[in-house]
$ cat query-v5.txt   # compact mmCIF, C-alpha atoms and all ligand atoms
# COMPACT_ATOMS: atom_id res chain seq x y z
CA MET A 1 -41.65 -102.12 20.66
CA SER A 2 -41.96 -98.38 21.01
CA LEU A 3 -39.82 -95.83 22.81
CA PHE A 4 -42.66 -95.52 25.33
CA ASP A 5 -42.40 -99.19 26.37
CA ASP A 6 -39.20 -98.26 28.23
CA PRO A 7 -40.05 -97.92 31.95
CA GLY A 8 -37.03 -95.69 32.45
CA LEU A 9 -37.93 -93.11 29.81
CA PHE A 10 -40.05 -90.88 32.04
CA GLY A 11 -37.38 -90.47 34.68
CA ARG A 12 -34.62 -89.72 32.19
CA GLN A 13 -36.73 -86.88 30.84
CA TRP A 14 -38.38 -85.51 33.95
CA ALA A 15 -36.74 -86.68 37.21
CA ALA A 16 -34.45 -83.65 37.52
CA GLY A 17 -37.30 -81.15 37.81
CA TYR A 18 -40.18 -83.43 38.86
CA ASP A 19 -40.63 -82.20 42.42
CA GLU A 20 -40.46 -78.56 41.34
CA SER A 21 -42.96 -78.89 38.48
CA GLY A 22 -46.10 -77.89 40.37
CA ASN A 23 -47.52 -81.36 41.03
CA PRO A 24 -50.75 -81.68 43.05
CA ASP A 25 -50.74 -81.50 46.85
CA PRO A 26 -50.66 -85.17 47.94
CA ALA A 27 -52.51 -84.56 51.24
CA PRO A 28 -56.05 -85.49 50.03
CA ALA A 29 -54.72 -88.65 48.36
CA VAL A 30 -52.78 -89.58 51.48
CA ASP A 31 -55.91 -89.16 53.66
CA PHE A 32 -57.96 -91.26 51.26
CA LEU A 33 -55.37 -94.03 50.94
CA ALA A 34 -54.59 -94.18 54.66
CA GLY A 35 -58.29 -94.85 55.23
CA LEU A 36 -58.12 -97.97 53.04
CA ALA A 37 -54.76 -99.30 54.20
CA ASP A 38 -56.13 -101.62 56.89
CA GLY A 39 -52.83 -101.50 58.77
CA GLY A 40 -50.71 -102.12 55.65
CA PRO A 41 -48.42 -103.03 54.06
CA VAL A 42 -49.22 -100.75 51.15
CA LEU A 43 -47.87 -100.98 47.61
CA GLU A 44 -47.45 -98.02 45.24
CA LEU A 45 -46.90 -98.82 41.59
CA ALA A 46 -44.72 -96.17 39.92
CA ILE A 47 -43.77 -94.67 43.27
CA GLY A 48 -41.65 -91.98 41.60
CA THR A 49 -39.98 -89.54 43.98
CA GLY A 50 -42.40 -90.49 46.76
CA ARG A 51 -44.76 -87.53 46.40
CA VAL A 52 -47.55 -89.69 47.91
CA ALA A 53 -45.56 -92.56 49.44
CA VAL A 54 -43.38 -90.47 51.76
CA PRO A 55 -46.26 -88.71 53.56
CA LEU A 56 -48.22 -91.98 53.62
CA ALA A 57 -45.28 -93.79 55.24
CA ALA A 58 -45.05 -90.90 57.72
CA ARG A 59 -48.49 -92.01 58.98
CA GLY A 60 -46.78 -95.13 60.33
CA LEU A 61 -47.68 -97.44 57.45
CA ARG A 62 -45.17 -99.73 55.76
CA VAL A 63 -45.12 -98.57 52.13
CA GLU A 64 -43.34 -100.45 49.35
CA GLY A 65 -42.91 -99.39 45.75
CA VAL A 66 -42.25 -100.45 42.20
CA GLU A 67 -40.59 -97.92 39.93
CA GLY A 68 -39.09 -97.99 36.44
CA SER A 69 -36.68 -95.10 36.81
CA PRO A 70 -33.50 -95.14 38.92
CA GLU A 71 -33.38 -91.35 38.64
CA MET A 72 -36.81 -91.02 40.29
CA VAL A 73 -35.82 -93.49 43.03
CA GLN A 74 -32.64 -91.51 43.71
CA LYS A 75 -34.81 -88.45 44.39
CA LEU A 76 -37.03 -90.52 46.69
CA ARG A 77 -33.99 -91.79 48.61
CA ALA A 78 -32.77 -88.25 49.22
CA LYS A 79 -35.98 -87.24 51.03
CA PRO A 80 -36.45 -87.55 54.80
CA GLY A 81 -38.12 -90.95 55.28
CA GLY A 82 -37.55 -91.91 51.65
CA ALA A 83 -34.49 -94.08 52.23
CA GLY A 84 -36.52 -96.53 54.34
CA ILE A 85 -39.10 -97.29 51.66
CA PRO A 86 -38.29 -100.56 49.83
CA VAL A 87 -38.50 -100.12 46.06
CA VAL A 88 -38.19 -102.76 43.35
CA LEU A 89 -36.79 -101.32 40.14
CA GLY A 90 -38.90 -102.67 37.32
CA ASP A 91 -41.91 -102.30 35.10
CA LEU A 92 -45.11 -101.49 36.93
CA ALA A 93 -46.99 -104.01 34.79
CA ASP A 94 -44.93 -106.86 36.26
CA VAL A 95 -45.55 -105.98 39.95
CA ALA A 96 -42.42 -107.95 40.88
CA VAL A 97 -42.98 -107.91 44.65
CA GLN A 98 -43.74 -110.55 47.25
CA GLY A 99 -46.45 -110.41 49.83
CA ARG A 100 -50.11 -109.72 50.38
CA PHE A 101 -51.16 -106.09 50.38
CA PRO A 102 -54.48 -104.82 51.75
CA LEU A 103 -53.92 -101.76 49.53
CA ALA A 104 -52.16 -101.10 46.23
CA TYR A 105 -52.46 -97.88 44.26
CA LEU A 106 -51.45 -96.34 40.93
CA VAL A 107 -52.12 -92.63 40.78
CA PHE A 108 -51.59 -89.49 38.69
CA ASN A 109 -52.71 -91.13 35.40
CA THR A 110 -49.76 -93.50 35.45
CA LEU A 111 -51.75 -96.56 34.32
CA PHE A 112 -51.75 -94.78 30.96
CA ASN A 113 -47.95 -94.70 30.87
CA LEU A 114 -48.28 -98.35 29.85
CA VAL A 115 -48.84 -97.75 26.15
CA ASP A 116 -49.60 -101.37 25.28
CA ALA A 117 -53.07 -102.86 25.89
CA ASP A 118 -51.64 -106.24 26.91
CA ARG A 119 -49.33 -104.62 29.47
CA GLN A 120 -52.24 -102.68 30.97
CA ALA A 121 -54.15 -105.96 31.34
CA ALA A 122 -51.05 -107.66 32.81
CA CYS A 123 -50.79 -104.90 35.40
CA PHE A 124 -54.26 -105.68 36.74
CA ARG A 125 -53.61 -109.42 36.75
CA ASN A 126 -50.35 -108.97 38.64
CA VAL A 127 -51.88 -106.60 41.19
CA ALA A 128 -54.67 -109.12 41.80
CA ARG A 129 -51.96 -111.70 42.54
CA VAL A 130 -50.51 -109.66 45.42
CA LEU A 131 -53.68 -108.19 46.94
CA ALA A 132 -54.86 -109.58 50.26
CA PRO A 133 -58.37 -111.06 50.26
CA GLY A 134 -60.79 -108.12 50.08
CA GLY A 135 -57.84 -105.80 49.36
CA ALA A 136 -58.21 -102.54 47.44
CA PHE A 137 -56.52 -101.35 44.26
CA VAL A 138 -56.94 -97.60 43.76
CA ILE A 139 -56.53 -95.96 40.38
CA GLU A 140 -56.49 -92.19 39.79
CA ALA A 141 -56.79 -91.16 36.17
CA PHE A 142 -58.25 -88.55 33.85
CA VAL A 143 -61.39 -89.18 31.82
CA PRO A 144 -60.39 -88.83 28.16
CA ASN A 145 -62.19 -86.02 26.36
CA PRO A 146 -62.10 -86.00 22.53
CA ALA A 147 -62.55 -82.21 22.60
CA ASP A 148 -59.17 -82.01 24.33
CA PHE A 149 -57.61 -84.14 21.59
CA GLU A 150 -58.72 -81.65 18.94
CA ARG A 151 -57.48 -78.69 20.97
CA ASP A 152 -54.14 -80.34 21.74
CA GLU A 153 -53.49 -81.22 18.10
CA ARG A 154 -54.40 -77.78 16.76
CA HIS A 155 -52.72 -75.57 19.33
CA PRO A 156 -49.06 -75.75 20.34
CA GLN A 157 -48.82 -74.98 24.07
CA VAL A 158 -46.14 -72.54 25.16
CA ARG A 159 -44.50 -73.85 28.36
CA THR A 160 -41.65 -71.43 29.00
CA LEU A 161 -40.57 -68.17 27.51
CA THR A 162 -37.61 -66.68 29.35
CA GLU A 163 -34.32 -65.03 28.49
CA ASP A 164 -32.72 -68.49 28.50
CA GLU A 165 -35.30 -70.81 27.01
CA ALA A 166 -38.37 -71.03 24.83
CA SER A 167 -40.35 -74.26 24.94
CA PHE A 168 -43.68 -75.58 23.76
CA ARG A 169 -45.62 -78.83 23.47
CA LEU A 170 -47.13 -80.57 20.45
CA HIS A 171 -49.55 -83.52 20.47
CA ARG A 172 -50.53 -86.24 18.01
CA TYR A 173 -53.36 -88.65 18.84
CA ASP A 174 -54.08 -92.08 17.42
CA ARG A 175 -57.76 -92.35 18.21
CA ALA A 176 -58.06 -96.02 17.15
CA ALA A 177 -55.17 -97.14 19.34
CA GLN A 178 -56.18 -94.67 22.10
CA THR A 179 -52.63 -93.38 22.31
CA PHE A 180 -50.98 -90.01 22.02
CA VAL A 181 -47.46 -88.73 21.65
CA ARG A 182 -46.50 -85.41 23.15
CA GLN A 183 -43.26 -83.65 22.37
CA ARG A 184 -41.94 -80.91 24.58
CA ILE A 185 -39.46 -78.98 22.46
CA GLY A 186 -37.08 -76.63 24.21
CA PHE A 187 -34.74 -74.13 22.59
CA THR A 188 -31.76 -72.76 24.51
CA ALA A 189 -28.49 -71.10 23.56
CA THR A 190 -26.86 -74.54 23.51
CA GLY A 191 -29.39 -76.32 21.32
CA VAL A 192 -32.74 -78.01 20.99
CA ARG A 193 -34.05 -80.62 23.42
CA LEU A 194 -36.85 -83.08 22.64
CA GLN A 195 -38.72 -84.60 25.59
CA PRO A 196 -41.11 -87.23 24.23
CA PHE A 197 -44.00 -88.52 26.32
CA GLY A 198 -46.62 -91.09 25.39
CA MET A 199 -49.78 -92.55 26.88
CA ARG A 200 -52.50 -95.06 26.15
CA TYR A 201 -55.66 -93.58 27.64
CA LEU A 202 -58.70 -95.56 28.75
CA TRP A 203 -62.26 -94.58 29.59
CA PRO A 204 -63.39 -95.62 33.08
CA GLY A 205 -65.58 -98.44 31.76
CA GLN A 206 -62.58 -99.90 29.93
CA ILE A 207 -60.54 -99.85 33.14
CA ASP A 208 -63.43 -101.59 34.91
CA ARG A 209 -63.30 -104.37 32.32
CA LEU A 210 -59.53 -104.83 32.78
CA ALA A 211 -60.12 -105.07 36.52
CA ALA A 212 -63.00 -107.52 36.11
CA ALA A 213 -60.88 -109.72 33.85
CA ALA A 214 -58.36 -109.88 36.70
CA GLY A 215 -61.04 -110.79 39.23
CA LEU A 216 -61.35 -107.31 40.77
CA ARG A 217 -64.68 -105.51 41.08
CA LEU A 218 -65.35 -101.79 41.12
CA ALA A 219 -66.36 -100.93 44.69
CA ASP A 220 -66.37 -97.11 44.57
CA ARG A 221 -65.73 -94.34 42.10
CA TYR A 222 -65.28 -90.68 42.95
CA ALA A 223 -64.46 -87.56 40.98
CA ASP A 224 -61.51 -86.73 43.24
CA TRP A 225 -59.70 -87.60 46.46
CA HIS A 226 -62.32 -85.69 48.49
CA ARG A 227 -64.92 -88.31 47.48
CA SER A 228 -66.88 -85.84 45.35
CA PRO A 229 -69.57 -87.71 43.38
CA PHE A 230 -68.42 -89.00 40.00
CA THR A 231 -70.74 -87.70 37.26
CA ALA A 232 -70.88 -87.59 33.46
CA ALA A 233 -69.12 -84.20 33.70
CA SER A 234 -66.19 -85.44 35.81
CA THR A 235 -62.78 -84.88 34.26
CA ASP A 236 -60.96 -87.29 36.58
CA HIS A 237 -61.77 -90.32 38.67
CA VAL A 238 -60.51 -92.11 41.74
CA SER A 239 -61.66 -95.71 41.45
CA VAL A 240 -61.45 -98.38 44.13
CA TYR A 241 -61.33 -101.99 42.95
CA ARG A 242 -61.64 -104.85 45.40
CA ALA A 243 -60.35 -108.40 45.46
CA ALA A 244 -62.77 -111.10 46.52
CA PRO A 245 -63.01 -111.46 50.30
CA ALA A 246 -61.61 -114.50 52.07
CA PHE A 247 -63.96 -117.46 51.97
CA THR A 248 -65.58 -118.00 55.32
CA GLN A 249 -67.62 -121.06 56.32
CA PRO A 250 -71.29 -120.16 56.76
C1 LIG B 1 -46.34 -88.95 36.81
S1 LIG B 1 -45.09 -89.85 37.63
C2 LIG B 1 -45.95 -90.33 39.10
C3 LIG B 1 -45.03 -90.62 40.24
C4 LIG B 1 -45.75 -90.78 41.59
N1 LIG B 1 -46.65 -91.92 41.58
C5 LIG B 1 -46.51 -89.53 41.92
O1 LIG B 1 -47.74 -89.60 42.05
O2 LIG B 1 -45.89 -88.46 42.03
C6 LIG B 1 -45.02 -91.35 36.70
C7 LIG B 1 -44.05 -92.34 37.28
O3 LIG B 1 -44.22 -93.57 36.61
C8 LIG B 1 -42.95 -94.14 36.35
N2 LIG B 1 -43.15 -95.05 35.24
C9 LIG B 1 -43.57 -94.78 33.99
N3 LIG B 1 -43.70 -95.89 33.28
C10 LIG B 1 -43.35 -96.93 34.10
C11 LIG B 1 -43.31 -98.32 33.96
N4 LIG B 1 -43.65 -98.91 32.80
N5 LIG B 1 -42.93 -99.08 35.00
C12 LIG B 1 -42.57 -98.48 36.19
N6 LIG B 1 -42.61 -97.16 36.38
C13 LIG B 1 -43.00 -96.38 35.35
C14 LIG B 1 -42.10 -92.94 36.05
O4 LIG B 1 -40.73 -93.21 36.15
C15 LIG B 1 -42.61 -91.99 37.10
O5 LIG B 1 -41.93 -92.15 38.31
$ encode --input "query-v5.txt" --output "structure tokens"
Amino acid sequence: MSLFDDPGLFGRQWAAGYDESGNPDPAPAVDFLAGLADGGPVLELAIGTGRVAVPLAARGLRVEGVEGSPEMVQKLRAKPGGAGIPVVLGDLADVAVQGRFPLAYLVFNTLFNLVDADRQAACFRNVARVLAPGGAFVIEAFVPNPADFERDERHPQVRTLTEDEASFRLHRYDRAAQTFVRQRIGFTATGVRLQPFGMRYLWPGQIDRLAAAAGLRLADRYADWHRSPFTAASTDHVSVYRAAPAFTQP
């Protein structure tokens, strides 16, 4: 059991400033996902503060969520439209919801927040359990690049340098386990704050195998939410996995 197995860790560290931390514009993701929703309902794993879910629900779709952090959910609830989105507090690997969803999604690299290989596999199995026949599971994640690992380990990254705070980030990779630990270390007049963060990264082909083991097949893969072609040079991917369609008599 590691510190990073705790589904609430992220929110305790980051919820307070999450929406002000320069996250990507959700509009392209919302357009993409709305096009796959097939009328809903739609399930977001690790819904967070609703960066994507709130504008998706504003399109008239029923959106439900799973989230490990009460602090993140509190932020979601405070947003216009956020209070009406049902959220189950729990681990995204367990997908503890009822129903059949034409669309489920897990974006912003959050599959990698599951730092245990078995829990990543469980996540796919549990999503497959709640997808409607032919339903889509969309994953957005970065493509790991060993050159980044070297750079991250060698070079501390300065995050803030103001009159009140100096902070930087350090990384340590375990290349065999495909995990990394990142520490953000902040110094203020009142003391030092550690904000640990961990991930287990996967290459796209490894994610495809987890999906296949759960009975989901890769239907489409793009480099971004604008459906740019995915190539060997792509740094990110948006992958659409599909459940088997309903059996129909010939
Ligand atoms: C980078 S944020 C993404 C939030 C939201 N999906 C978005 O795109 O803005 C990662 C989210 O995953 C949640 N999280 C991390 N590990 C989790 C776990 N094991 N189970 C459930 N939620 C988890 C965090 O609390 C946080 O809300």
$ residues_near_ligand --input "query-v5.txt" --ligand "ligand LIG 1 (chain B)" --cutoff "7 Å" --atoms "all atoms listed in the file" --output "ChimeraX atom specification"
/A:5-11,45-52,66-69,72,90-93,106-110,113-114
$ closest_residue --input "query-v5.txt" --among "A:Phe247, A:Phe187, A:Phe149, A:Phe142" --to "Glu163 of chain A" --atoms "all atoms listed in the file"
A:Phe187
$ closest_residue --input "query-v5.txt" --among "A:Val181, A:Pro80, A:Pro133, A:Ile207" --to "Thr248 of chain A" --atoms "all atoms listed in the file"
A:Pro133
$ residues_around --input "query-v5.txt" --residues "Tyr173 of chain A" --least-positions-apart "4" --cutoff "9 Å" --atoms "only C-alpha atoms" --output "list in words"
Phe149, Glu150, Asp152, Glu153, Ala177, Gln178, Thr179, Phe180, Val181 and Arg182 of chain A
$ closest_atom_pairs --input "query-v5.txt" --of "segment 93-197 of chain A" --to "segment 21-35 of chain A" --cutoff "12 Å" --atoms "only C-alpha atoms" --output "CSV"
residue,atom,partner,partner_atom,distance
A:Pro102,CA,A:Leu33,CA,10.9
A:Leu103,CA,A:Leu33,CA,8.0
A:Ala104,CA,A:Leu33,CA,9.1
A:Tyr105,CA,A:Leu33,CA,8.2
A:Leu106,CA,A:Leu33,CA,11.0
A:Val107,CA,A:Ala29,CA,8.9
A:Phe108,CA,A:Pro24,CA,9.0
A:Ala136,CA,A:Leu33,CA,9.6
A:Phe137,CA,A:Leu33,CA,10.0
A:Val138,CA,A:Leu33,CA,8.2
A:Ile139,CA,A:Leu33,CA,10.8
A:Glu140,CA,A:Ala29,CA,9.4
A:Arg159,CA,A:Ser21,CA,11.4
$ atom_distance --input "query-v5.txt" --atom1 "atom CA of Tyr18 of chain A" --atom2 "atom CA of Gln195 of chain A"
13.4 Å
$ closest_residue --input "query-v5.txt" --among "A:Arg221, A:Arg169, A:Gln74, A:Arg193" --to "Ser234 of chain A" --atoms "all atoms listed in the file"
A:Arg221
$ atom_distance --input "query-v5.txt" --atom1 "atom CA of Pro86 of chain A" --atom2 "atom CA of Gly99 of chain A"
12.8 Å
$ closest_residue --input "query-v5.txt" --among "A:Leu210, A:Ala16, A:Ala189, A:Leu202" --to "Asp236 of chain A" --atoms "all atoms listed in the file"
A:Leu202
$ residues_around --input "query-v5.txt" --residues "Arg100 of chain A" --least-positions-apart "3" --cutoff "7 Å" --atoms "all atoms listed in the file" --output "compact mmCIF listing (two decimals) with C-alpha atoms, in the frame of the given file"
# COMPACT_ATOMS: atom_id res chain seq x y z
CA VAL A 130 -50.51 -109.66 45.42
CA LEU A 131 -53.68 -108.19 46.94
CA ALA A 132 -54.86 -109.58 50.26
$ closest_residue --input "query-v5.txt" --among "A:Pro204, A:Pro156, A:Gly17, A:Gly60" --to "Pro144 of chain A" --atoms "all atoms listed in the file"
A:Pro204
$ closest_residue --input "query-v5.txt" --among "A:Pro70, A:Gly40, A:Gly198, A:Gly134" --to "Arg217 of chain A" --atoms "all atoms listed in the file"
A:Gly134
